[in-house]
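Input: a single structure, listed below in structure tokens.
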Amino acid sequence: MKCVHELILERLRAEFEQNDLKPDSTEFDTNVWVLAAAAIPFEENIENSDFLPYNLKGVEYYDENNDIPAREYYLSQGTPTHIARVVLGMSSTAGISPYVDGTDVYLVVDEERQAADFLWEEVWAEGSPKFHGGTIPDSLNWVKQMTEQFYYQKDDPFIKEK
């Protein structure tokens with residue numbers, strides 16, 4: 001039976017990974033993979049407020065007129081069990097990019113059913129990533145703001161050594 005982290009990683013990889021690099025191509029083909037991932041249980045508390053798509057009462061930027069309706073909107077769609085922070089690596093025919101992107105995603109993980117599904121996708125699917133175009137070391141520090149990573153894959157897993 002897979003644990004929570006395995007289920008989350010499986011879902012992240014299914015969503016984000018792309019094996020599209022064609023070594024002999026002159027097109028701008030790329031591979032994308034999950035470079036790092038961390039996850040915490042979903043809890044509405046001050047410590048987790050930076051990972052939520054709305055602010056909680058008591059945080060610096062709380063705005064009752066906007067944050068209460070935003071919270072109600074999201075929770076009306078369901079409640080996640082976990083928040084995952086993911087960093088994506090990219091490579092092209094020029095090699096592995098030293099710059100990466102990352103974002104927070106919300107999941108409902110059901111260990112009994114052995115499934116992990118996204119919730120609140122519009123938070124991360126629309127607009128720019130939360131961590132945009134930073135270095136790999138900076139992205140790992142950004143991940144650690146949530147918690148220690150449970151997964152790290154620096155090299156492109158789709159490129160096989162000759």
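Here, A, B, ... name the chains of the structure tokens in the order displayed, residue numbers run from 1 inside each chain, and ligands are numbered from 1 in the same displayed order.
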Need to verify the contact set: A:Ile159, 9 Å, only C-alpha atoms, exclusion of same-chain residues closer than 4 positions in sequence. Can you return it as a list in words?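 Returned residues: Leu21, Asn31 and Asp155 of chain A.
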Residues from the last selection, N, CA and C atoms, saved as a compact mmCIF listing (two decimals), in the first residue's frame:
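Result file result-v8.txt:
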```txt
# COMPACT_ATOMS: atom_id res chain seq x y z
N LEU A 21 11.37 16.05 -25.05
CA LEU A 21 12.65 16.44 -25.65
C LEU A 21 13.07 15.42 -26.70
N ASN A 31 11.78 18.76 -21.69
CA ASN A 31 11.34 17.81 -20.68
C ASN A 31 11.02 18.61 -19.42
N ASP A 155 18.46 15.70 -11.59
CA ASP A 155 18.73 15.39 -12.99
C ASP A 155 17.46 14.99 -13.74
```
Using only C-alpha atoms, can you tell me which of A:Ala38, A:Leu107, A:Ile83, A:Ala94 comes closest to A:Phe51? A:Ile83
Could you name the residues that touch A:His5 at 9 Å or less, counting only C-alpha atoms, but leaving out those on the same chain fewer than 6 positions away, as a ChimeraX atom specification? /A:38-39,150-151
Using only C-alpha atoms, the best pick from A:Ile46, A:Ala36, A:Leu56, A:Val105 as closest to A:Val87 would be A:Ala36
Report, in Å with one decimal, the straight-line distance from atom CA of A:Met90 to atom CA of A:Gly102.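 That distance, rounded to one decimal, is 11.6 Å.
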From the options A:Val59, A:Leu75, A:Leu7, A:Val86, which residue's atoms come nearest to A:Val143, counting only C-alpha atoms?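 Ranking A:Val59, A:Leu75, A:Leu7, A:Val86 by distance to A:Val143, first place goes to A:Val86.
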Show me, as a PDB file with all heavy atoms, in the first residue's frame, the residues that have an atom within 12 Å of A:Phe131 when counting only C-alpha atoms, minus same-chain residues fewer than 6 positions from it.
```pdb
ATOM      1  N   ARG A  85       3.924  21.515  -1.991  1.00  0.00           N
ATOM      2  CA  ARG A  85       4.757  22.520  -2.653  1.00  0.00           C
ATOM      3  C   ARG A  85       5.621  21.755  -3.640  1.00  0.00           C
ATOM      4  O   ARG A  85       6.320  20.818  -3.272  1.00  0.00           O
ATOM      5  CB  ARG A  85       5.591  23.255  -1.609  1.00  0.00           C
ATOM      6  CG  ARG A  85       6.430  24.374  -2.177  1.00  0.00           C
ATOM      7  CD  ARG A  85       6.786  25.384  -1.111  1.00  0.00           C
ATOM      8  NE  ARG A  85       5.742  26.402  -1.066  1.00  0.00           N
ATOM      9  CZ  ARG A  85       5.834  27.548  -0.405  1.00  0.00           C
ATOM     10  NH1 ARG A  85       6.923  27.820   0.286  1.00  0.00           N
ATOM     11  NH2 ARG A  85       4.843  28.419  -0.423  1.00  0.00           N
ATOM     12  N   VAL A  86       5.555  22.156  -4.909  1.00  0.00           N
ATOM     13  CA  VAL A  86       6.253  21.429  -5.964  1.00  0.00           C
ATOM     14  C   VAL A  86       7.131  22.382  -6.770  1.00  0.00           C
ATOM     15  O   VAL A  86       6.740  23.517  -7.034  1.00  0.00           O
ATOM     16  CB  VAL A  86       5.244  20.694  -6.881  1.00  0.00           C
ATOM     17  CG1 VAL A  86       4.271  21.653  -7.537  1.00  0.00           C
ATOM     18  CG2 VAL A  86       5.927  19.853  -7.927  1.00  0.00           C
ATOM     19  N   VAL A  87       8.325  21.907  -7.114  1.00  0.00           N
ATOM     20  CA  VAL A  87       9.254  22.641  -7.975  1.00  0.00           C
ATOM     21  C   VAL A  87       9.456  21.794  -9.219  1.00  0.00           C
ATOM     22  O   VAL A  87       9.667  20.583  -9.130  1.00  0.00           O
ATOM     23  CB  VAL A  87      10.610  22.885  -7.276  1.00  0.00           C
ATOM     24  CG1 VAL A  87      11.618  23.506  -8.234  1.00  0.00           C
ATOM     25  CG2 VAL A  87      10.430  23.757  -6.046  1.00  0.00           C
ATOM     26  N   LEU A  88       9.383  22.443 -10.379  1.00  0.00           N
ATOM     27  CA  LEU A  88       9.538  21.735 -11.652  1.00  0.00           C
ATOM     28  C   LEU A  88      10.862  22.086 -12.304  1.00  0.00           C
ATOM     29  O   LEU A  88      11.220  23.259 -12.418  1.00  0.00           O
ATOM     30  CB  LEU A  88       8.389  22.115 -12.596  1.00  0.00           C
ATOM     31  CG  LEU A  88       6.987  21.826 -12.070  1.00  0.00           C
ATOM     32  CD1 LEU A  88       5.951  22.318 -13.065  1.00  0.00           C
ATOM     33  CD2 LEU A  88       6.805  20.354 -11.774  1.00  0.00           C
ATOM     34  N   TYR A  99      17.259  27.482 -13.941  1.00  0.00           N
ATOM     35  CA  TYR A  99      16.134  28.203 -13.355  1.00  0.00           C
ATOM     36  C   TYR A  99      14.892  27.323 -13.341  1.00  0.00           C
ATOM     37  O   TYR A  99      14.625  26.588 -14.292  1.00  0.00           O
ATOM     38  CB  TYR A  99      15.864  29.497 -14.132  1.00  0.00           C
ATOM     39  CG  TYR A  99      17.086  30.378 -14.125  1.00  0.00           C
ATOM     40  CD1 TYR A  99      17.886  30.499 -15.251  1.00  0.00           C
ATOM     41  CD2 TYR A  99      17.454  31.061 -12.973  1.00  0.00           C
ATOM     42  CE1 TYR A  99      19.029  31.287 -15.228  1.00  0.00           C
ATOM     43  CE2 TYR A  99      18.597  31.849 -12.944  1.00  0.00           C
ATOM     44  CZ  TYR A  99      19.374  31.950 -14.072  1.00  0.00           C
ATOM     45  OH  TYR A  99      20.513  32.723 -14.038  1.00  0.00           O
ATOM     46  N   VAL A 100      14.145  27.412 -12.254  1.00  0.00           N
ATOM     47  CA  VAL A 100      12.993  26.538 -12.048  1.00  0.00           C
ATOM     48  C   VAL A 100      11.785  27.350 -11.600  1.00  0.00           C
ATOM     49  O   VAL A 100      11.910  28.500 -11.185  1.00  0.00           O
ATOM     50  CB  VAL A 100      13.313  25.441 -11.005  1.00  0.00           C
ATOM     51  CG1 VAL A 100      14.406  24.514 -11.504  1.00  0.00           C
ATOM     52  CG2 VAL A 100      13.716  26.053  -9.671  1.00  0.00           C
ATOM     53  N   ASP A 101      10.629  26.721 -11.703  1.00  0.00           N
ATOM     54  CA  ASP A 101       9.379  27.305 -11.226  1.00  0.00           C
ATOM     55  C   ASP A 101       8.776  26.387 -10.180  1.00  0.00           C
ATOM     56  O   ASP A 101       9.033  25.176 -10.170  1.00  0.00           O
ATOM     57  CB  ASP A 101       8.372  27.453 -12.374  1.00  0.00           C
ATOM     58  CG  ASP A 101       8.794  28.480 -13.402  1.00  0.00           C
ATOM     59  OD1 ASP A 101       9.585  29.383 -13.067  1.00  0.00           O
ATOM     60  OD2 ASP A 101       8.337  28.386 -14.550  1.00  0.00           O
ATOM     61  N   GLY A 102       7.926  26.955  -9.338  1.00  0.00           N
ATOM     62  CA  GLY A 102       7.250  26.144  -8.333  1.00  0.00           C
ATOM     63  C   GLY A 102       5.946  26.762  -7.904  1.00  0.00           C
ATOM     64  O   GLY A 102       5.703  27.956  -8.111  1.00  0.00           O
ATOM     65  N   THR A 103       5.102  25.937  -7.306  1.00  0.00           N
ATOM     66  CA  THR A 103       3.813  26.422  -6.830  1.00  0.00           C
ATOM     67  C   THR A 103       3.291  25.526  -5.722  1.00  0.00           C
ATOM     68  O   THR A 103       3.850  24.460  -5.446  1.00  0.00           O
ATOM     69  CB  THR A 103       2.795  26.524  -7.994  1.00  0.00           C
ATOM     70  OG1 THR A 103       1.726  27.370  -7.594  1.00  0.00           O
ATOM     71  CG2 THR A 103       2.288  25.160  -8.420  1.00  0.00           C
ATOM     72  N   ASP A 104       2.225  25.960  -5.088  1.00  0.00           N
ATOM     73  CA  ASP A 104       1.531  25.158  -4.079  1.00  0.00           C
ATOM     74  C   ASP A 104       0.272  24.588  -4.710  1.00  0.00           C
ATOM     75  O   ASP A 104      -0.436  25.300  -5.431  1.00  0.00           O
ATOM     76  CB  ASP A 104       1.140  26.012  -2.870  1.00  0.00           C
ATOM     77  CG  ASP A 104       2.343  26.555  -2.113  1.00  0.00           C
ATOM     78  OD1 ASP A 104       3.434  25.954  -2.208  1.00  0.00           O
ATOM     79  OD2 ASP A 104       2.193  27.583  -1.424  1.00  0.00           O
ATOM     80  N   TRP A 124      -3.548  27.437  -8.785  1.00  0.00           N
ATOM     81  CA  TRP A 124      -2.213  27.256  -9.352  1.00  0.00           C
ATOM     82  C   TRP A 124      -2.196  27.118 -10.866  1.00  0.00           C
ATOM     83  O   TRP A 124      -1.156  27.309 -11.484  1.00  0.00           O
ATOM     84  CB  TRP A 124      -1.509  26.059  -8.714  1.00  0.00           C
ATOM     85  CG  TRP A 124      -2.274  24.771  -8.777  1.00  0.00           C
ATOM     86  CD1 TRP A 124      -3.132  24.285  -7.827  1.00  0.00           C
ATOM     87  CD2 TRP A 124      -2.261  23.793  -9.815  1.00  0.00           C
ATOM     88  NE1 TRP A 124      -3.646  23.079  -8.220  1.00  0.00           N
ATOM     89  CE2 TRP A 124      -3.130  22.746  -9.437  1.00  0.00           C
ATOM     90  CE3 TRP A 124      -1.601  23.704 -11.042  1.00  0.00           C
ATOM     91  CZ2 TRP A 124      -3.356  21.639 -10.234  1.00  0.00           C
ATOM     92  CZ3 TRP A 124      -1.825  22.590 -11.832  1.00  0.00           C
ATOM     93  CH2 TRP A 124      -2.692  21.571 -11.415  1.00  0.00           C
ATOM     94  N   ASP A 138      17.747  28.244  -4.427  1.00  0.00           N
ATOM     95  CA  ASP A 138      16.709  29.135  -3.890  1.00  0.00           C
ATOM     96  C   ASP A 138      15.356  28.432  -3.827  1.00  0.00           C
ATOM     97  O   ASP A 138      14.586  28.636  -2.887  1.00  0.00           O
ATOM     98  CB  ASP A 138      16.595  30.409  -4.723  1.00  0.00           C
ATOM     99  CG  ASP A 138      17.761  31.356  -4.500  1.00  0.00           C
ATOM    100  OD1 ASP A 138      18.497  31.198  -3.497  1.00  0.00           O
ATOM    101  OD2 ASP A 138      17.953  32.254  -5.345  1.00  0.00           O
ATOM    102  N   SER A 139      15.070  27.596  -4.825  1.00  0.00           N
ATOM    103  CA  SER A 139      13.787  26.885  -4.823  1.00  0.00           C
ATOM    104  C   SER A 139      13.722  25.887  -3.668  1.00  0.00           C
ATOM    105  O   SER A 139      12.662  25.692  -3.076  1.00  0.00           O
ATOM    106  CB  SER A 139      13.539  26.177  -6.160  1.00  0.00           C
ATOM    107  OG  SER A 139      14.336  25.011  -6.288  1.00  0.00           O
ATOM    108  N   LEU A 140      14.850  25.263  -3.343  1.00  0.00           N
ATOM    109  CA  LEU A 140      14.860  24.306  -2.225  1.00  0.00           C
ATOM    110  C   LEU A 140      14.648  25.032  -0.897  1.00  0.00           C
ATOM    111  O   LEU A 140      13.965  24.515  -0.003  1.00  0.00           O
ATOM    112  CB  LEU A 140      16.151  23.500  -2.224  1.00  0.00           C
ATOM    113  CG  LEU A 140      16.363  22.619  -3.457  1.00  0.00           C
ATOM    114  CD1 LEU A 140      17.708  21.910  -3.389  1.00  0.00           C
ATOM    115  CD2 LEU A 140      15.224  21.625  -3.644  1.00  0.00           C
ATOM    116  N   ASN A 141      15.207  26.234  -0.777  1.00  0.00           N
ATOM    117  CA  ASN A 141      14.928  27.044   0.417  1.00  0.00           C
ATOM    118  C   ASN A 141      13.458  27.436   0.474  1.00  0.00           C
ATOM    119  O   ASN A 141      12.852  27.458   1.551  1.00  0.00           O
ATOM    120  CB  ASN A 141      15.811  28.295   0.440  1.00  0.00           C
ATOM    121  CG  ASN A 141      17.252  27.967   0.747  1.00  0.00           C
ATOM    122  OD1 ASN A 141      17.550  26.989   1.432  1.00  0.00           O
ATOM    123  ND2 ASN A 141      18.169  28.765   0.231  1.00  0.00           N
ATOM    124  N   TRP A 142      12.883  27.744  -0.669  1.00  0.00           N
ATOM    125  CA  TRP A 142      11.458  28.083  -0.733  1.00  0.00           C
ATOM    126  C   TRP A 142      10.610  26.886  -0.314  1.00  0.00           C
ATOM    127  O   TRP A 142       9.640  27.033   0.442  1.00  0.00           O
ATOM    128  CB  TRP A 142      11.122  28.551  -2.156  1.00  0.00           C
ATOM    129  CG  TRP A 142       9.693  28.851  -2.407  1.00  0.00           C
ATOM    130  CD1 TRP A 142       8.995  29.952  -1.990  1.00  0.00           C
ATOM    131  CD2 TRP A 142       8.771  28.053  -3.145  1.00  0.00           C
ATOM    132  NE1 TRP A 142       7.692  29.881  -2.432  1.00  0.00           N
ATOM    133  CE2 TRP A 142       7.535  28.725  -3.142  1.00  0.00           C
ATOM    134  CE3 TRP A 142       8.872  26.836  -3.814  1.00  0.00           C
ATOM    135  CZ2 TRP A 142       6.409  28.208  -3.773  1.00  0.00           C
ATOM    136  CZ3 TRP A 142       7.754  26.333  -4.446  1.00  0.00           C
ATOM    137  CH2 TRP A 142       6.536  27.023  -4.423  1.00  0.00           C
ATOM    138  N   VAL A 143      10.969  25.698  -0.764  1.00  0.00           N
ATOM    139  CA  VAL A 143      10.251  24.478  -0.364  1.00  0.00           C
ATOM    140  C   VAL A 143      10.329  24.302   1.149  1.00  0.00           C
ATOM    141  O   VAL A 143       9.338  24.000   1.807  1.00  0.00           O
ATOM    142  CB  VAL A 143      10.806  23.235  -1.100  1.00  0.00           C
ATOM    143  CG1 VAL A 143      10.282  21.942  -0.483  1.00  0.00           C
ATOM    144  CG2 VAL A 143      10.462  23.290  -2.582  1.00  0.00           C
TER     145      VAL A 143
END
```
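Closest approach to A:Lys22 from the set A:Ser92, A:Lys160, A:Tyr152, A:Glu111 is made by A:Ser92, with distances taken over only C-alpha atoms.
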Per DSSP on the backbone, what are the alpha helix (DSSP H) residues of chain A, as a VMD selection string? chain A and resid 4 to 16 64 to 76 122 to 125 136 to 144
Would you mind exporting N, CA and C atoms of the selected residues as an mmCIF file, in the first residue's frame?
```cif
data_model
loop_
_atom_site.group_PDB
_atom_site.id
_atom_site.type_symbol
_atom_site.label_atom_id
_atom_site.label_comp_id
_atom_site.auth_asym_id
_atom_site.auth_seq_id
_atom_site.Cartn_x
_atom_site.Cartn_y
_atom_site.Cartn_z
ATOM 1 N N VAL A 4 1.049 8.378 1.908
ATOM 2 C CA VAL A 4 0.551 9.677 1.466
ATOM 3 C C VAL A 4 1.529 10.340 0.504
ATOM 4 N N HIS A 5 2.809 10.353 0.852
ATOM 5 C CA HIS A 5 3.796 11.015 -0.014
ATOM 6 C C HIS A 5 3.905 10.332 -1.366
ATOM 7 N N GLU A 6 3.830 9.019 -1.405
ATOM 8 C CA GLU A 6 3.878 8.305 -2.681
ATOM 9 C C GLU A 6 2.671 8.637 -3.541
ATOM 10 N N LEU A 7 1.497 8.727 -2.926
ATOM 11 C CA LEU A 7 0.283 9.067 -3.672
ATOM 12 C C LEU A 7 0.344 10.493 -4.203
ATOM 13 N N ILE A 8 0.851 11.407 -3.385
ATOM 14 C CA ILE A 8 0.990 12.803 -3.823
ATOM 15 C C ILE A 8 1.985 12.897 -4.969
ATOM 16 N N LEU A 9 3.137 12.264 -4.828
ATOM 17 C CA LEU A 9 4.152 12.312 -5.880
ATOM 18 C C LEU A 9 3.636 11.706 -7.179
ATOM 19 N N GLU A 10 2.925 10.604 -7.084
ATOM 20 C CA GLU A 10 2.352 9.971 -8.279
ATOM 21 C C GLU A 10 1.419 10.937 -9.003
ATOM 22 N N ARG A 11 0.592 11.659 -8.252
ATOM 23 C CA ARG A 11 -0.356 12.609 -8.856
ATOM 24 C C ARG A 11 0.373 13.813 -9.455
ATOM 25 N N LEU A 12 1.380 14.336 -8.728
ATOM 26 C CA LEU A 12 2.158 15.460 -9.238
ATOM 27 C C LEU A 12 2.864 15.085 -10.538
ATOM 28 N N ARG A 13 3.462 13.918 -10.554
ATOM 29 C CA ARG A 13 4.172 13.484 -11.756
ATOM 30 C C ARG A 13 3.214 13.307 -12.932
ATOM 31 N N ALA A 14 2.047 12.737 -12.672
ATOM 32 C CA ALA A 14 1.067 12.541 -13.743
ATOM 33 C C ALA A 14 0.611 13.882 -14.319
ATOM 34 N N GLU A 15 0.511 14.890 -13.494
ATOM 35 C CA GLU A 15 0.033 16.203 -13.938
ATOM 36 C C GLU A 15 1.108 17.024 -14.650
ATOM 37 N N PHE A 16 2.308 17.034 -14.117
ATOM 38 C CA PHE A 16 3.305 17.998 -14.565
ATOM 39 C C PHE A 16 4.396 17.455 -15.479
ATOM 40 N N GLU A 64 -11.063 41.355 5.750
ATOM 41 C CA GLU A 64 -12.326 40.651 5.994
ATOM 42 C C GLU A 64 -13.266 40.697 4.786
ATOM 43 N N ASN A 65 -13.304 41.825 4.085
ATOM 44 C CA ASN A 65 -14.216 41.969 2.940
ATOM 45 C C ASN A 65 -13.857 41.052 1.775
ATOM 46 N N ASN A 66 -12.582 40.707 1.644
ATOM 47 C CA ASN A 66 -12.158 39.826 0.560
ATOM 48 C C ASN A 66 -11.872 38.403 1.032
ATOM 49 N N ASP A 67 -11.268 38.268 2.191
ATOM 50 C CA ASP A 67 -10.823 36.949 2.631
ATOM 51 C C ASP A 67 -11.954 36.040 3.110
ATOM 52 N N ILE A 68 -12.970 36.585 3.735
ATOM 53 C CA ILE A 68 -14.100 35.738 4.150
ATOM 54 C C ILE A 68 -14.824 35.169 2.925
ATOM 55 N N PRO A 69 -15.182 35.995 1.916
ATOM 56 C CA PRO A 69 -15.811 35.412 0.723
ATOM 57 C C PRO A 69 -14.889 34.433 -0.022
ATOM 58 N N ALA A 70 -13.596 34.722 -0.076
ATOM 59 C CA ALA A 70 -12.658 33.817 -0.750
ATOM 60 C C ALA A 70 -12.616 32.472 -0.023
ATOM 61 N N ARG A 71 -12.521 32.511 1.293
ATOM 62 C CA ARG A 71 -12.509 31.269 2.082
ATOM 63 C C ARG A 71 -13.793 30.478 1.849
ATOM 64 N N GLU A 72 -14.922 31.152 1.905
ATOM 65 C CA GLU A 72 -16.209 30.474 1.686
ATOM 66 C C GLU A 72 -16.280 29.857 0.296
ATOM 67 N N TYR A 73 -15.792 30.576 -0.700
ATOM 68 C CA TYR A 73 -15.790 30.072 -2.072
ATOM 69 C C TYR A 73 -14.981 28.782 -2.173
ATOM 70 N N TYR A 74 -13.744 28.820 -1.689
ATOM 71 C CA TYR A 74 -12.897 27.633 -1.800
ATOM 72 C C TYR A 74 -13.461 26.453 -1.010
ATOM 73 N N LEU A 75 -13.854 26.695 0.220
ATOM 74 C CA LEU A 75 -14.344 25.591 1.043
ATOM 75 C C LEU A 75 -15.673 25.035 0.539
ATOM 76 N N SER A 76 -16.420 25.824 -0.237
ATOM 77 C CA SER A 76 -17.664 25.308 -0.824
ATOM 78 C C SER A 76 -17.370 24.250 -1.882
ATOM 79 N N GLU A 122 -7.727 26.120 -9.865
ATOM 80 C CA GLU A 122 -7.580 27.462 -10.426
ATOM 81 C C GLU A 122 -6.551 28.292 -9.671
ATOM 82 N N VAL A 123 -6.267 27.950 -8.422
ATOM 83 C CA VAL A 123 -5.280 28.695 -7.642
ATOM 84 C C VAL A 123 -3.904 28.603 -8.291
ATOM 85 N N TRP A 124 -3.548 27.437 -8.785
ATOM 86 C CA TRP A 124 -2.213 27.256 -9.352
ATOM 87 C C TRP A 124 -2.196 27.118 -10.866
ATOM 88 N N ALA A 125 -3.320 26.797 -11.469
ATOM 89 C CA ALA A 125 -3.339 26.578 -12.916
ATOM 90 C C ALA A 125 -3.423 27.880 -13.705
ATOM 91 N N ILE A 136 17.894 26.644 -8.480
ATOM 92 C CA ILE A 136 17.543 25.413 -7.767
ATOM 93 C C ILE A 136 17.793 25.555 -6.265
ATOM 94 N N PRO A 137 18.965 26.067 -5.822
ATOM 95 C CA PRO A 137 19.154 26.242 -4.373
ATOM 96 C C PRO A 137 18.097 27.153 -3.741
ATOM 97 N N ASP A 138 17.747 28.244 -4.427
ATOM 98 C CA ASP A 138 16.709 29.135 -3.890
ATOM 99 C C ASP A 138 15.356 28.432 -3.827
ATOM 100 N N SER A 139 15.070 27.596 -4.825
ATOM 101 C CA SER A 139 13.787 26.885 -4.823
ATOM 102 C C SER A 139 13.722 25.887 -3.668
ATOM 103 N N LEU A 140 14.850 25.263 -3.343
ATOM 104 C CA LEU A 140 14.860 24.306 -2.225
ATOM 105 C C LEU A 140 14.648 25.032 -0.897
ATOM 106 N N ASN A 141 15.207 26.234 -0.777
ATOM 107 C CA ASN A 141 14.928 27.044 0.417
ATOM 108 C C ASN A 141 13.458 27.436 0.474
ATOM 109 N N TRP A 142 12.883 27.744 -0.669
ATOM 110 C CA TRP A 142 11.458 28.083 -0.733
ATOM 111 C C TRP A 142 10.610 26.886 -0.314
ATOM 112 N N VAL A 143 10.969 25.698 -0.764
ATOM 113 C CA VAL A 143 10.251 24.478 -0.364
ATOM 114 C C VAL A 143 10.329 24.302 1.149
ATOM 115 N N LYS A 144 11.509 24.514 1.709
ATOM 116 C CA LYS A 144 11.709 24.311 3.149
ATOM 117 C C LYS A 144 10.942 25.307 4.005
#
```
Go through chain A and collect every residue that DSSP, computed from the backbone, puts in strand (DSSP E or B); the answer should be as a PyMOL selection string. chain A and resi 18-19+31-41+82-92+95-96+99-110+115-119+131-135+151-152
Considering only C-alpha atoms, state which residue in the set A:Gln114, A:Asn19, A:Gln77, A:Asn55 is at the smallest distance from A:Cys3. A:Gln114
Length of the atom CA of A:Lys57 to atom CA of A:Pro41 vector [Å]: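 Those two atoms sit 19.8 Å apart.
A straight-line distance of 27.4 Å separates atom CA of A:Met1 from atom CA of A:Val32.
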